[in-house]
$ cat run04.cif   # mmCIF, C-alpha atoms and all ligand atoms
data_protein
loop_
_atom_site.label_atom_id
_atom_site.label_comp_id
_atom_site.auth_asym_id
_atom_site.auth_seq_id
_atom_site.Cartn_x
_atom_site.Cartn_y
_atom_site.Cartn_z
CA MET A 1 123.52 29.54 120.50
CA SER A 2 120.17 30.85 121.65
CA LEU A 3 118.67 30.16 125.02
CA ILE A 4 114.95 29.82 125.46
CA GLU A 5 112.84 30.53 128.50
CA THR A 6 111.59 27.29 130.04
CA ASP A 7 109.15 26.36 132.75
CA ILE A 8 111.04 24.70 135.58
CA THR A 9 108.55 21.83 135.65
CA GLN A 10 109.72 20.86 132.14
CA LEU A 11 113.34 20.27 133.17
CA ARG A 12 114.65 16.73 133.19
CA LEU A 13 117.95 16.60 135.02
CA ASN A 14 119.97 14.72 137.59
CA PRO A 15 121.15 17.24 140.21
CA MET A 16 123.96 14.97 141.40
CA THR A 17 125.64 14.79 138.00
CA LEU A 18 124.65 18.30 136.95
CA ILE A 19 126.26 19.95 139.97
CA GLY A 20 128.88 17.42 141.00
CA LYS A 21 130.20 16.41 137.58
CA ASP A 22 129.16 19.02 135.01
CA TRP A 23 129.64 21.86 137.55
CA TRP A 24 128.12 25.32 137.22
CA LEU A 25 129.27 28.91 137.20
CA VAL A 26 128.01 31.01 140.09
CA THR A 27 127.74 34.59 138.91
CA ALA A 28 126.58 37.80 140.56
CA GLY A 29 126.74 41.47 139.65
CA GLN A 30 125.69 43.69 136.80
CA ALA A 31 126.95 43.98 133.22
CA GLY A 32 130.47 45.41 133.38
CA ASN A 33 130.76 44.78 137.11
CA PHE A 34 130.25 41.14 137.96
CA ASN A 35 132.24 38.10 138.96
CA THR A 36 131.93 34.39 138.43
CA MET A 37 133.43 31.19 139.80
CA THR A 38 133.14 27.49 139.15
CA ALA A 39 131.27 25.48 141.77
CA SER A 40 130.64 21.77 142.11
CA TRP A 41 128.86 21.80 145.44
CA GLY A 42 125.21 22.68 145.75
CA HIS A 43 121.66 21.38 145.79
CA LEU A 44 118.46 21.74 143.82
CA GLY A 45 115.09 21.20 145.44
CA ALA A 46 112.05 22.72 147.05
CA ILE A 47 111.52 24.55 150.34
CA TRP A 48 109.28 27.20 151.94
CA SER A 49 105.73 27.82 150.85
CA ARG A 50 104.25 30.70 148.89
CA PRO A 51 100.55 31.59 149.13
CA GLY A 52 98.64 29.31 146.78
CA GLN A 53 101.71 28.02 144.97
CA GLY A 54 103.31 25.37 147.16
CA SER A 55 106.99 25.33 147.93
CA MET A 56 109.58 27.32 146.04
CA PRO A 57 111.97 25.77 143.53
CA THR A 58 115.37 26.53 144.99
CA ALA A 59 119.09 26.21 144.40
CA VAL A 60 121.60 26.12 147.23
CA ILE A 61 125.23 27.11 146.76
CA TYR A 62 128.20 26.96 149.13
CA VAL A 63 130.83 29.67 148.91
CA ARG A 64 134.03 30.01 150.91
CA PRO A 65 134.56 33.40 152.59
CA GLN A 66 137.69 34.20 150.56
CA ARG A 67 136.02 34.05 147.12
CA TYR A 68 135.82 37.37 145.27
CA THR A 69 132.45 36.23 143.89
CA LYS A 70 131.11 36.33 147.46
CA GLU A 71 131.44 40.12 147.55
CA PHE A 72 129.05 40.32 144.58
CA LEU A 73 126.73 37.66 145.98
CA ASP A 74 126.44 39.57 149.24
CA ARG A 75 125.41 42.86 147.69
CA GLU A 76 123.17 41.69 144.85
CA PRO A 77 119.61 40.38 145.23
CA LEU A 78 120.06 37.90 142.34
CA PHE A 79 122.66 35.40 141.20
CA SER A 80 122.83 33.08 138.21
CA LEU A 81 123.93 29.48 137.77
CA SER A 82 125.23 28.66 134.28
CA VAL A 83 125.75 25.03 133.29
CA LEU A 84 128.19 24.62 130.40
CA GLY A 85 128.83 21.69 128.10
CA GLU A 86 131.88 19.44 128.14
CA GLU A 87 133.43 21.60 125.38
CA GLN A 88 133.86 24.34 128.00
CA ARG A 89 135.69 22.21 130.57
CA ALA A 90 138.89 24.24 130.15
CA ALA A 91 136.99 27.47 130.82
CA LEU A 92 135.40 25.94 133.94
CA ASN A 93 138.79 24.84 135.22
CA TYR A 94 140.22 28.29 134.56
CA LEU A 95 137.37 30.10 136.29
CA GLY A 96 137.71 27.73 139.22
CA SER A 97 141.43 28.30 139.68
CA HIS A 98 141.82 32.05 139.06
CA SER A 99 140.32 34.93 140.99
CA GLY A 100 138.52 37.87 139.45
CA ARG A 101 140.57 39.99 141.85
CA ASP A 102 143.61 39.35 139.65
CA GLY A 103 142.24 40.24 136.21
CA ASP A 104 139.52 39.70 133.63
CA LYS A 105 139.21 35.96 133.95
CA VAL A 106 136.01 35.74 131.90
CA LYS A 107 137.84 37.20 128.91
CA ALA A 108 140.76 34.83 129.52
CA ALA A 109 138.35 31.88 129.64
CA GLY A 110 136.78 32.98 126.36
CA LEU A 111 133.19 33.19 127.60
CA THR A 112 130.54 35.73 126.61
CA ALA A 113 128.73 37.49 129.42
CA VAL A 114 125.04 38.24 128.83
CA ALA A 115 123.24 40.85 130.91
CA ALA A 116 119.94 39.69 132.30
CA GLU A 117 117.67 41.82 134.43
CA GLY A 118 119.68 42.24 137.60
CA THR A 119 122.36 39.66 136.91
CA VAL A 120 124.69 38.17 134.29
CA TYR A 121 124.95 34.71 132.72
CA PHE A 122 126.92 33.16 129.86
CA ALA A 123 125.87 32.76 126.24
CA GLU A 124 127.75 29.44 126.02
CA ALA A 125 125.57 27.88 128.74
CA LYS A 126 123.26 24.97 128.00
CA LEU A 127 121.17 25.74 131.07
CA VAL A 128 120.86 28.89 133.18
CA LEU A 129 119.04 29.23 136.49
CA ILE A 130 118.42 32.75 137.70
CA CYS A 131 117.97 32.88 141.44
CA ARG A 132 116.64 35.39 143.94
CA LYS A 133 118.45 35.24 147.27
CA LEU A 134 116.24 34.00 150.09
CA TYR A 135 118.64 32.94 152.81
CA HIS A 136 122.33 33.27 153.59
CA ALA A 137 124.26 31.95 156.57
CA PRO A 138 127.64 30.37 157.27
CA LEU A 139 127.97 26.68 158.07
CA VAL A 140 128.83 26.42 161.73
CA GLU A 141 131.38 24.07 163.25
CA ALA A 142 128.94 22.92 165.95
CA GLY A 143 126.58 21.65 163.26
CA PHE A 144 128.89 18.93 161.93
CA ILE A 145 127.75 15.53 163.17
CA ASP A 146 130.38 13.77 161.06
CA ARG A 147 133.41 15.55 162.50
CA ASP A 148 135.72 13.98 159.88
CA ILE A 149 134.27 16.45 157.37
CA ILE A 150 135.95 19.26 159.29
CA ALA A 151 139.39 17.68 159.15
CA ARG A 152 139.02 16.77 155.48
CA ASN A 153 137.53 20.01 154.19
CA TYR A 154 138.25 22.76 156.69
CA PRO A 155 141.82 22.58 158.02
CA GLU A 156 141.74 26.41 157.97
CA ARG A 157 138.25 26.52 159.54
CA ASP A 158 137.08 28.56 156.52
CA TYR A 159 133.57 27.20 156.51
CA HIS A 160 131.46 27.66 153.42
CA GLU A 161 128.59 30.08 153.49
CA GLN A 162 125.26 28.78 152.26
CA TYR A 163 123.03 30.78 149.94
CA VAL A 164 119.53 29.58 149.14
CA GLY A 165 118.01 31.16 146.04
CA GLU A 166 114.52 30.91 144.61
CA ILE A 167 114.80 29.87 140.96
CA VAL A 168 112.88 32.64 139.24
CA ARG A 169 113.88 32.05 135.60
CA VAL A 170 115.12 29.04 133.66
CA LEU A 171 116.82 29.35 130.27
CA ARG A 172 117.99 26.39 128.24
CA ARG A 173 119.73 25.84 124.95
CA ALA A 174 117.12 25.46 122.26
CA GLU A 175 118.16 22.01 120.97
CA GLU A 176 118.50 20.35 124.40
C1 LIG B 1 135.59 21.95 140.05
C2 LIG B 1 135.61 23.10 141.02
C3 LIG B 1 134.59 23.24 141.93
C4 LIG B 1 134.57 24.29 142.86
N1 LIG B 1 133.52 24.40 143.73
C5 LIG B 1 133.51 25.43 144.61
C6 LIG B 1 132.39 25.59 145.49
O1 LIG B 1 131.37 24.88 145.44
N2 LIG B 1 132.46 26.61 146.39
C7 LIG B 1 133.54 27.46 146.48
O2 LIG B 1 133.55 28.35 147.32
N3 LIG B 1 134.58 27.34 145.62
C8 LIG B 1 134.59 26.35 144.70
N4 LIG B 1 135.62 26.24 143.81
C9 LIG B 1 136.76 27.19 143.88
C10 LIG B 1 136.49 28.53 143.16
O3 LIG B 1 135.88 28.34 141.91
C11 LIG B 1 137.85 29.24 142.97
O4 LIG B 1 138.44 29.48 144.23
C12 LIG B 1 137.77 30.50 142.16
O5 LIG B 1 139.07 30.83 141.71
C13 LIG B 1 137.17 31.67 142.93
O6 LIG B 1 137.19 32.79 142.10
P1 LIG B 1 136.88 34.26 142.62
O7 LIG B 1 137.91 34.61 143.68
O8 LIG B 1 137.01 35.11 141.37
O9 LIG B 1 135.49 34.26 143.18
C14 LIG B 1 135.64 25.21 142.87
C15 LIG B 1 136.69 25.07 141.94
C16 LIG B 1 136.67 24.04 141.02
C17 LIG B 1 137.79 23.91 140.01
#
$ encode --input "run04.cif" --output "structure tokens"
Amino acid sequence: MSLIETDITQLRLNPMTLIGKDWWLVTAGQAGNFNTMTASWGHLGAIWSRPGQGSMPTAVIYVRPQRYTKEFLDREPLFSLSVLGEEQRAALNYLGSHSGRDGDKVKAAGLTAVAAEGTVYFAEAKLVLICRKLYHAPLVEAGFIDRDIIARNYPERDYHEQYVGEIVRVLRRAEE
């Protein structure tokens, strides 16, 4: 299934369902040395100005410190977000419940890695966002106004780390 380069202004999507229900694969690294994980938390939007171009289209992801994928995210300037169709739900569940530390989980999930310039995405994706890291910082306990979130989500105090990436390329499945 071929993916075509698309201008981000042409995308029609609902970020709440795309991230929260469809989920995406967060991937970083180079061909032959990358890792990926399923994520259902994140944001899409616009922030920070560029000369003459207005604010940057951005994706935000939230990654717990213990994820193997984080090691790749931290050393690479780019990461990709691959949105798969419902037919790949089993692969998404697998990649979200196994660590790349323990074996070749991409092979086990039956997905096909594609090398892009500086990152990797998946041929089975219906939408791919390639992002350039702009900002990275951990969520801090003092920042939570609704303190119930801490009890519900962070009994181990393993706060997610936030990565904001500029969306520099958009690829989508040709028939979508
Ligand atoms: C539906 C779903 C959503 C997930 N969302 C996130 C997320 O947003 N952030 C995160 O750190 N982990 C999330 N995870 C957990 C990771 O995908 C999971 O721990 C994975 O095995 C990490 O793999 P790794 O150690 O190879 O990086 C999610 C898992 C599932 C199944």
$ residues_near_ligand --input "run04.cif" --ligand "ligand LIG 1 (chain B)" --cutoff "9 Å" --atoms "only C-alpha atoms and all ligand atoms" --output "PyMOL selection string"
chain A and resi 19-27+35-42+61-72+92-103+105+160-161
$ write_last_selection --input "run04.cif" --atoms "C-alpha atoms" --output "PDB file, in the coordinates of the input"
ATOM      1  CA  ILE A  19     126.260  19.950 139.970  1.00  0.00           C
ATOM      2  CA  GLY A  20     128.880  17.420 141.000  1.00  0.00           C
ATOM      3  CA  LYS A  21     130.200  16.410 137.580  1.00  0.00           C
ATOM      4  CA  ASP A  22     129.160  19.020 135.010  1.00  0.00           C
ATOM      5  CA  TRP A  23     129.640  21.860 137.550  1.00  0.00           C
ATOM      6  CA  TRP A  24     128.120  25.320 137.220  1.00  0.00           C
ATOM      7  CA  LEU A  25     129.270  28.910 137.200  1.00  0.00           C
ATOM      8  CA  VAL A  26     128.010  31.010 140.090  1.00  0.00           C
ATOM      9  CA  THR A  27     127.740  34.590 138.910  1.00  0.00           C
ATOM     10  CA  ASN A  35     132.240  38.100 138.960  1.00  0.00           C
ATOM     11  CA  THR A  36     131.930  34.390 138.430  1.00  0.00           C
ATOM     12  CA  MET A  37     133.430  31.190 139.800  1.00  0.00           C
ATOM     13  CA  THR A  38     133.140  27.490 139.150  1.00  0.00           C
ATOM     14  CA  ALA A  39     131.270  25.480 141.770  1.00  0.00           C
ATOM     15  CA  SER A  40     130.640  21.770 142.110  1.00  0.00           C
ATOM     16  CA  TRP A  41     128.860  21.800 145.440  1.00  0.00           C
ATOM     17  CA  GLY A  42     125.210  22.680 145.750  1.00  0.00           C
ATOM     18  CA  ILE A  61     125.230  27.110 146.760  1.00  0.00           C
ATOM     19  CA  TYR A  62     128.200  26.960 149.130  1.00  0.00           C
ATOM     20  CA  VAL A  63     130.830  29.670 148.910  1.00  0.00           C
ATOM     21  CA  ARG A  64     134.030  30.010 150.910  1.00  0.00           C
ATOM     22  CA  PRO A  65     134.560  33.400 152.590  1.00  0.00           C
ATOM     23  CA  GLN A  66     137.690  34.200 150.560  1.00  0.00           C
ATOM     24  CA  ARG A  67     136.020  34.050 147.120  1.00  0.00           C
ATOM     25  CA  TYR A  68     135.820  37.370 145.270  1.00  0.00           C
ATOM     26  CA  THR A  69     132.450  36.230 143.890  1.00  0.00           C
ATOM     27  CA  LYS A  70     131.110  36.330 147.460  1.00  0.00           C
ATOM     28  CA  GLU A  71     131.440  40.120 147.550  1.00  0.00           C
ATOM     29  CA  PHE A  72     129.050  40.320 144.580  1.00  0.00           C
ATOM     30  CA  LEU A  92     135.400  25.940 133.940  1.00  0.00           C
ATOM     31  CA  ASN A  93     138.790  24.840 135.220  1.00  0.00           C
ATOM     32  CA  TYR A  94     140.220  28.290 134.560  1.00  0.00           C
ATOM     33  CA  LEU A  95     137.370  30.100 136.290  1.00  0.00           C
ATOM     34  CA  GLY A  96     137.710  27.730 139.220  1.00  0.00           C
ATOM     35  CA  SER A  97     141.430  28.300 139.680  1.00  0.00           C
ATOM     36  CA  HIS A  98     141.820  32.050 139.060  1.00  0.00           C
ATOM     37  CA  SER A  99     140.320  34.930 140.990  1.00  0.00           C
ATOM     38  CA  GLY A 100     138.520  37.870 139.450  1.00  0.00           C
ATOM     39  CA  ARG A 101     140.570  39.990 141.850  1.00  0.00           C
ATOM     40  CA  ASP A 102     143.610  39.350 139.650  1.00  0.00           C
ATOM     41  CA  GLY A 103     142.240  40.240 136.210  1.00  0.00           C
ATOM     42  CA  LYS A 105     139.210  35.960 133.950  1.00  0.00           C
ATOM     43  CA  HIS A 160     131.460  27.660 153.420  1.00  0.00           C
ATOM     44  CA  GLU A 161     128.590  30.080 153.490  1.00  0.00           C
TER      45      GLU A 161
END
$ atom_distance --input "run04.cif" --atom1 "CA of Asp158 (chain A)" --atom2 "CA of Tyr135 (chain A)"
19.3 Å
$ atom_distance --input "run04.cif" --atom1 "CA of Leu134 (chain A)" --atom2 "CA of Ile4 (chain A)"
25.0 Å
$ atom_distance --input "run04.cif" --atom1 "CA of Arg132 (chain A)" --atom2 "CA of Ile167 (chain A)"
6.5 Å
$ residues_around --input "run04.cif" --residues "Ser55 (chain A)" --least-positions-apart "6" --cutoff "12 Å" --atoms "only C-alpha atoms" --output "ChimeraX atom specification"
/A:45-49,166-167
$ closest_residue --input "run04.cif" --among "A:Met56, A:Ala137, A:Ala142, A:Val114" --to "Thr9 (chain A)" --atoms "all atoms listed in the file"
A:Met56
$ closest_residue --input "run04.cif" --among "A:Met16, A:Ile145, A:Ile130, A:Ala125" --to "Ala174 (chain A)" --atoms "all atoms listed in the file"
A:Ala125
$ closest_residue --input "run04.cif" --among "A:Gly165, A:Gly143, A:Gly118, A:Pro155" --to "Phe34 (chain A)" --atoms "only C-alpha atoms"
A:Gly118
$ closest_residue --input "run04.cif" --among "A:Ala123, A:Asn33, A:Arg147, A:Glu117" --to "Gln88 (chain A)" --atoms "only C-alpha atoms"
A:Ala123
$ closest_residue --input "run04.cif" --among "A:Val120, A:Val128, A:Leu44, A:Ala109" --to "Leu81 (chain A)" --atoms "all atoms listed in the file"
A:Val128
$ closest_residue --input "run04.cif" --among "A:Leu13, A:Ala108, A:Ile150, A:Leu129" --to "Val83 (chain A)" --atoms "only C-alpha atoms"
A:Leu129
$ axis_aligned_box --input "run04.cif" --around "region 70-78 of chain A" --padding-each-side "4 Å" --output "AutoDock Vina command-line options"
--center_x 125.5 --center_y 39.6 --center_z 145.8 --size_x 19.8 --size_y 14.5 --size_z 14.9
